[in-house]
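**Student:** Pasting a structure below so you can have a look.
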Amino acid sequence: MSASERGWGGRRRQALISVLSWPPAQRKERTGNRNAEIMAGKPKLHYTNGRGKMESIRWLLAAAGVEFEEEFIETKEDLEKLRNDGSLLFQQVPMVEIDGMKMVQTRAILSYIAAKHNLYGKDLKERAWIDMYVEGTTDLMGMIMYLPFQPAEAKEKNLALIIERATARYFPAYEKVLKDHGHDYLVGNKLSWADIHLLEAILMAEECKPDILSAFPLLQAFKGRISNIPTIKKFLQPGSQRKPPADEKFIAHVKKIFNM
Amino acid sequence: MLPSWTENQELRSMSEKPRLIYFNGRGRMESVRWLLAAARVEFEEIFLDTREQYVKLIKDGSLMFQQVPLVEIDGMKMVQTRAILSYIAGKYNLYGKDLKERAFIDMYVEGITDLMHMILMFPFSPPEAKEKNLALITERATHRYFPVFEKALKQHGQDFLVGNQVSWADIQLMEVILAVEEKTPAVLLAFPQLQAFKTRMSNMPAIKKFLQPGSPRKPPPDDHYVSTVLKVLAEE
């Protein structure tokens, strides 16, 4: 069967060729063609329109200078559709369409992006240190992330625990790392996932208590340095894809979508 | 006589056996024991029985975030279970052959870890919540997690989850299957691929050895284990 018999001749073919020459964002709008999206190559993030577990992924992509698209889950039906389409391996988001995969599980997604964009150290040992540091910041940010979902009467106690952990467990560890080697970055004298994750954690902790870094001069300097990296500086400016902290209205909205 | 934690790190060179520091029970360290055993790596263990040992570890600066598991390996004092497991998997060729295989191994392992976490926390849940938590473990295993691995094995028809060779994901899956079966013996009834997988994995020499009495494998947590953990960590 020839191309023209299959309907690929003439106008249809011309239309496809002209579509391929459009910038990626426009291709998607006009054709909704999945192939155009894949060829455009931008990762696509599926999540609610808020920080949650997806925020670390936004940070890492932004720091790596990778443009990405977002599709927001606004209703229970949006989530059900993703589940029924078989798009969510374990029925959960975050989900990131990247390089032909529908990736789920935040850590898996972050590890992939870090490795792909040379933010994962130069060898197994550097990766080990990056992993250890990231696990620590993940634990701290997890506490902060879940705070709004705790029962009201536990909030004050949990906030105090977050501040205690930040200032007595996590920040001292990172302050010590920077002090011991005297480099600008946590691992291998080079920017890595660990640095980006730590900056994110510092800013989140400061939202809980603005002077939380007062006892950590090296972390203060670190914060300044990493914030000034051009891609990160851009991400920290208004109009970027960085999301604001969740307010009560958004929390209620999320609880509804996820039956929490 | 407790070993001194301040021993010069150089004494534990690359040729030394890894040393695991944890409670004498499964907990978060069990996955590390499984992975080292499957990789045929001999290891030593120091068991935390008293709060004094734990406090000393912290004072010596051995615990980066004041938490165990701690694994002394290749001159590093590694903490954070996932970091430890990733390092072992990477070192012993259990992490796939490229970035994409690693991505799939990571996704599978993260899912399994979520299920394992429910099982891990179960003994520490209050008595009135235990029945509900047990039902949830079974529900999640049979409706969320096991179907994924059943489908993966069925689709490619290979013996292992990723890349037609054994990986960290297979070992972790084997561990969680056995852990869930301890709670719900017939849980694999609807999963013929997983039944065959379990048999194959059980027959791999290193795993077969680990499943025999006298291996470093730990028994399911009992009341003594729970009370030891609570005492050492001084969590009321």
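Labels for the structure tokens follow display order: chains A, B, ..., residues from 1 in each chain, ligands from 1.
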What are the closest atom pairs, with distances in Å to one decimal, for each residue of chain A lying within 9 Å of chain B, using only C-alpha atoms, rows by chain and rising residue number, as CSV?
**Tutor:**
```
residue,atom,partner,partner_atom,distance
A:Leu89,CA,B:Val148,CA,7.0
A:Phe90,CA,B:Arg144,CA,5.8
A:Gln91,CA,B:Arg144,CA,7.3
A:Met101,CA,B:Lys100,CA,8.9
A:Met103,CA,B:Met107,CA,7.4
A:Val104,CA,B:Met107,CA,6.5
A:Gln105,CA,B:Met107,CA,5.9
A:Thr106,CA,B:Glu110,CA,8.7
A:Arg107,CA,B:Glu110,CA,7.6
A:Ala108,CA,B:Asp106,CA,5.0
A:Ile109,CA,B:Ala103,CA,7.4
A:Ser111,CA,B:Ala103,CA,7.7
A:Tyr112,CA,B:Ala103,CA,6.0
A:Ala115,CA,B:Leu99,CA,7.5
A:Lys116,CA,B:Leu99,CA,7.7
A:Leu124,CA,B:Tyr87,CA,6.8
A:Lys125,CA,B:Tyr87,CA,7.6
A:Arg127,CA,B:Tyr87,CA,7.8
A:Ala128,CA,B:Tyr87,CA,5.9
A:Trp129,CA,B:Ala83,CA,7.9
A:Ile130,CA,B:Ala83,CA,8.4
A:Asp131,CA,B:Ala83,CA,5.0
A:Met132,CA,B:Ala83,CA,5.4
A:Tyr133,CA,B:Gln80,CA,8.8
A:Val134,CA,B:Ala83,CA,8.9
A:Glu135,CA,B:Gln80,CA,6.5
A:Gly136,CA,B:Phe65,CA,7.2
A:Arg169,CA,B:Phe65,CA,5.7
A:Tyr170,CA,B:Phe65,CA,6.4
A:Ala173,CA,B:Met64,CA,6.3
```
**Student:** I'd like to know which residues of segment 151-222 of chain A are helix (DSSP H, G or I) (by DSSP, run on the backbone); could you write them as a PyMOL selection string?
**Tutor:** chain A and resi 152-181+193-208+217-222
**Student:** Selection from above, C-alpha atoms, as a PDB file, in the first residue's frame, can you write it?
**Tutor:**
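Result file follows (result.pdb):
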```pdb
ATOM      1  CA  ALA A 152      -4.918  21.158  64.345  1.00  0.00           C
ATOM      2  CA  GLU A 153      -4.109  20.364  67.968  1.00  0.00           C
ATOM      3  CA  ALA A 154      -0.793  18.757  66.974  1.00  0.00           C
ATOM      4  CA  LYS A 155       0.368  21.603  64.719  1.00  0.00           C
ATOM      5  CA  GLU A 156       2.157  23.646  67.355  1.00  0.00           C
ATOM      6  CA  LYS A 157       4.035  20.639  68.684  1.00  0.00           C
ATOM      7  CA  ASN A 158       4.955  19.458  65.185  1.00  0.00           C
ATOM      8  CA  LEU A 159       6.184  22.890  64.150  1.00  0.00           C
ATOM      9  CA  ALA A 160       8.413  22.947  67.232  1.00  0.00           C
ATOM     10  CA  LEU A 161       9.709  19.494  66.273  1.00  0.00           C
ATOM     11  CA  ILE A 162      10.489  20.679  62.736  1.00  0.00           C
ATOM     12  CA  ILE A 163      12.491  23.605  64.084  1.00  0.00           C
ATOM     13  CA  GLU A 164      14.269  21.349  66.553  1.00  0.00           C
ATOM     14  CA  ARG A 165      15.171  18.816  63.894  1.00  0.00           C
ATOM     15  CA  ALA A 166      16.296  21.487  61.455  1.00  0.00           C
ATOM     16  CA  THR A 167      18.541  23.244  63.953  1.00  0.00           C
ATOM     17  CA  ALA A 168      19.773  20.264  66.001  1.00  0.00           C
ATOM     18  CA  ARG A 169      19.883  17.422  63.480  1.00  0.00           C
ATOM     19  CA  TYR A 170      19.958  18.452  59.839  1.00  0.00           C
ATOM     20  CA  PHE A 171      21.521  21.886  59.488  1.00  0.00           C
ATOM     21  CA  PRO A 172      24.449  21.019  61.782  1.00  0.00           C
ATOM     22  CA  ALA A 173      25.229  18.036  59.547  1.00  0.00           C
ATOM     23  CA  TYR A 174      25.394  20.145  56.396  1.00  0.00           C
ATOM     24  CA  GLU A 175      27.219  22.999  58.125  1.00  0.00           C
ATOM     25  CA  LYS A 176      29.855  20.458  59.192  1.00  0.00           C
ATOM     26  CA  VAL A 177      30.195  19.056  55.665  1.00  0.00           C
ATOM     27  CA  LEU A 178      30.855  22.514  54.259  1.00  0.00           C
ATOM     28  CA  LYS A 179      33.213  23.363  57.103  1.00  0.00           C
ATOM     29  CA  ASP A 180      35.236  20.145  56.821  1.00  0.00           C
ATOM     30  CA  HIS A 181      36.097  20.527  53.127  1.00  0.00           C
ATOM     31  CA  TRP A 193      21.404  17.438  43.270  1.00  0.00           C
ATOM     32  CA  ALA A 194      22.348  17.597  46.957  1.00  0.00           C
ATOM     33  CA  ASP A 195      23.027  21.339  46.803  1.00  0.00           C
ATOM     34  CA  ILE A 196      19.774  22.105  44.994  1.00  0.00           C
ATOM     35  CA  HIS A 197      17.795  19.976  47.442  1.00  0.00           C
ATOM     36  CA  LEU A 198      19.472  21.625  50.428  1.00  0.00           C
ATOM     37  CA  LEU A 199      18.660  25.105  49.149  1.00  0.00           C
ATOM     38  CA  GLU A 200      15.033  24.090  48.717  1.00  0.00           C
ATOM     39  CA  ALA A 201      14.992  22.728  52.285  1.00  0.00           C
ATOM     40  CA  ILE A 202      16.611  25.873  53.681  1.00  0.00           C
ATOM     41  CA  LEU A 203      14.021  28.123  52.049  1.00  0.00           C
ATOM     42  CA  MET A 204      11.170  25.922  53.272  1.00  0.00           C
ATOM     43  CA  ALA A 205      12.578  25.932  56.793  1.00  0.00           C
ATOM     44  CA  GLU A 206      12.950  29.711  56.683  1.00  0.00           C
ATOM     45  CA  GLU A 207       9.263  29.945  55.840  1.00  0.00           C
ATOM     46  CA  CYS A 208       8.667  28.181  59.180  1.00  0.00           C
ATOM     47  CA  PRO A 217      27.142  30.951  58.863  1.00  0.00           C
ATOM     48  CA  LEU A 218      28.341  28.525  56.195  1.00  0.00           C
ATOM     49  CA  LEU A 219      24.786  27.617  55.261  1.00  0.00           C
ATOM     50  CA  GLN A 220      23.951  31.296  55.004  1.00  0.00           C
ATOM     51  CA  ALA A 221      26.803  31.780  52.568  1.00  0.00           C
ATOM     52  CA  PHE A 222      25.796  28.591  50.763  1.00  0.00           C
TER      53      PHE A 222
END
```
**Student:** What is the atom CA of Thr48 of chain A-atom CA of Ile73 of chain A distance in Å, reported with one decimal?
**Tutor:** 4.7 Å
**Student:** Which residues, written as a list in words, have at least one atom at most 8 Å from segment 59-62 of chain A, with only C-alpha atoms counted and residues fewer than 4 positions away on the same chain left out?
**Tutor:**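 The filter keeps Glu55, Val66, Glu67, Phe68, Leu110, Ile113, Ala114, Trp193, Ile196, His197, Glu200, Thr231, Ile232, Phe235 and Arg242 of chain A.
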**Student:** Please identify all polymer residues within 12 Å of Lys255 of chain A, counting only C-alpha atoms, omitting same-chain residues fewer than 3 positions from it, and present them as a VMD selection string.
**Tutor:** chain A and resid 48 74 to 76 146 148 to 150 246 248 to 252 258 to 260
**Student:** Using only C-alpha atoms, which of the listed residues (A:Pro94, A:Gly86, A:Pro151, A:Gly188) sits closest to Gly121 of chain A?
**Tutor:**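 The shortest atom-to-atom distance to Gly121 of chain A comes from A:Gly188.
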**Student:** What does the distance from atom CA of Leu236 of chain A to atom CA of Lys42 of chain A come to in Å, to one decimal?
**Tutor:**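 Atom CA of Lys42 of chain A lies at a distance of 20.6 Å from atom CA of Leu236 of chain A.
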**Student:** Excluding same-chain residues fewer than 4 positions from Met204 of chain B, what lies within 12 Å of it counting only C-alpha atoms, as a VMD selection string?
**Tutor:** chain B and resid 37 to 40 159 166 170 to 171 174 197 to 200 208 to 211
**Student:** Please report the interatomic distance between atom CA of Leu161 of chain B and atom CA of Gly41 of chain A in Å with one decimal.
**Tutor:**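 According to the coordinates, atom CA of Leu161 of chain B and atom CA of Gly41 of chain A are separated by 27.2 Å.
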**Student:** Write down as an MDAnalysis selection string the residues belonging to segment 68-214 of chain A that are assigned strand (DSSP E or B) by DSSP computed on the backbone.
**Tutor:** chainID A and resid 69:72 95:98 101:104
**Student:** Any chance you can output those residues with all heavy atoms as a short mmCIF file (atom, residue, chain, number, x, y, z; two decimals), in the first residue's frame?
**Tutor:**
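That gives us result.cif:
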```
data_model
loop_
_atom_site.label_atom_id
_atom_site.label_comp_id
_atom_site.auth_asym_id
_atom_site.auth_seq_id
_atom_site.Cartn_x
_atom_site.Cartn_y
_atom_site.Cartn_z
N GLU A 69 6.68 21.08 30.99
CA GLU A 69 5.27 21.43 30.96
C GLU A 69 4.60 20.83 32.19
O GLU A 69 5.11 19.88 32.79
CB GLU A 69 4.62 20.85 29.70
CG GLU A 69 5.15 21.51 28.44
CD GLU A 69 4.65 20.83 27.18
OE1 GLU A 69 3.84 19.89 27.28
OE2 GLU A 69 5.10 21.24 26.10
N GLU A 70 3.45 21.39 32.52
CA GLU A 70 2.72 20.86 33.67
C GLU A 70 1.26 20.67 33.32
O GLU A 70 0.64 21.53 32.67
CB GLU A 70 2.81 21.82 34.87
CG GLU A 70 4.23 22.09 35.31
CD GLU A 70 4.31 22.70 36.69
OE1 GLU A 70 4.04 21.98 37.68
OE2 GLU A 70 4.64 23.89 36.80
N GLU A 71 0.69 19.57 33.75
CA GLU A 71 -0.74 19.34 33.62
C GLU A 71 -1.28 19.17 35.04
O GLU A 71 -0.88 18.25 35.75
CB GLU A 71 -1.01 18.09 32.79
CG GLU A 71 -2.44 18.02 32.28
CD GLU A 71 -2.59 16.98 31.19
OE1 GLU A 71 -2.11 17.23 30.07
OE2 GLU A 71 -3.18 15.93 31.47
N PHE A 72 -2.15 20.06 35.44
CA PHE A 72 -2.58 20.08 36.83
C PHE A 72 -3.82 19.23 37.05
O PHE A 72 -4.78 19.28 36.29
CB PHE A 72 -2.85 21.51 37.30
CG PHE A 72 -1.62 22.37 37.26
CD1 PHE A 72 -1.58 23.51 36.49
CD2 PHE A 72 -0.49 22.02 37.99
CE1 PHE A 72 -0.43 24.31 36.44
CE2 PHE A 72 0.66 22.80 37.95
CZ PHE A 72 0.69 23.95 37.16
N MET A 95 3.72 12.04 38.70
CA MET A 95 4.05 11.28 37.51
C MET A 95 4.70 12.26 36.54
O MET A 95 4.21 13.38 36.37
CB MET A 95 2.80 10.64 36.89
CG MET A 95 3.12 9.65 35.76
SD MET A 95 3.18 10.36 34.11
CE MET A 95 1.43 10.34 33.71
N VAL A 96 5.80 11.85 35.95
CA VAL A 96 6.50 12.70 34.99
C VAL A 96 6.71 11.93 33.70
O VAL A 96 7.30 10.85 33.71
CB VAL A 96 7.86 13.18 35.55
CG1 VAL A 96 8.63 13.95 34.48
CG2 VAL A 96 7.66 14.06 36.78
N GLU A 97 6.18 12.48 32.62
CA GLU A 97 6.45 11.89 31.31
C GLU A 97 7.80 12.41 30.84
O GLU A 97 7.96 13.63 30.67
CB GLU A 97 5.37 12.27 30.30
CG GLU A 97 3.99 11.78 30.70
CD GLU A 97 2.93 12.15 29.67
OE1 GLU A 97 3.11 11.75 28.50
OE2 GLU A 97 1.96 12.82 30.03
N ILE A 98 8.74 11.51 30.69
CA ILE A 98 10.09 11.95 30.33
C ILE A 98 10.79 10.86 29.55
O ILE A 98 10.75 9.69 29.96
CB ILE A 98 10.89 12.34 31.61
CG1 ILE A 98 12.27 12.87 31.27
CG2 ILE A 98 10.99 11.19 32.61
CD1 ILE A 98 13.00 13.52 32.45
N MET A 101 9.13 7.57 28.98
CA MET A 101 8.66 6.82 30.15
C MET A 101 7.60 7.63 30.90
O MET A 101 7.60 8.85 30.85
CB MET A 101 9.83 6.57 31.12
CG MET A 101 10.95 5.73 30.58
SD MET A 101 12.26 5.50 31.82
CE MET A 101 13.04 7.12 31.83
N LYS A 102 6.71 6.91 31.57
CA LYS A 102 5.81 7.57 32.52
C LYS A 102 6.36 7.25 33.90
O LYS A 102 6.00 6.24 34.50
CB LYS A 102 4.38 7.04 32.36
CG LYS A 102 3.72 7.53 31.10
CD LYS A 102 2.25 7.18 31.00
CE LYS A 102 1.70 7.91 29.79
NZ LYS A 102 0.46 7.43 29.27
N MET A 103 7.23 8.13 34.38
CA MET A 103 7.91 7.82 35.64
C MET A 103 7.07 8.23 36.84
O MET A 103 6.45 9.29 36.86
CB MET A 103 9.26 8.53 35.72
CG MET A 103 10.31 7.93 34.81
SD MET A 103 11.99 8.39 35.31
CE MET A 103 12.20 7.41 36.80
N VAL A 104 7.06 7.38 37.84
CA VAL A 104 6.43 7.67 39.11
C VAL A 104 7.47 7.47 40.21
O VAL A 104 8.57 7.01 39.95
CB VAL A 104 5.21 6.78 39.38
CG1 VAL A 104 4.12 7.04 38.36
CG2 VAL A 104 5.60 5.30 39.38
#
```
**Student:** Might you pull out every residue within 12 Å of segment 227-235 of chain B, with only C-alpha atoms counted and same-chain residues fewer than 5 positions away left off, and present them as number ranges by chain?
**Tutor:** B: 22-28, 47-58, 66-68, 121, 123-124, 221-222
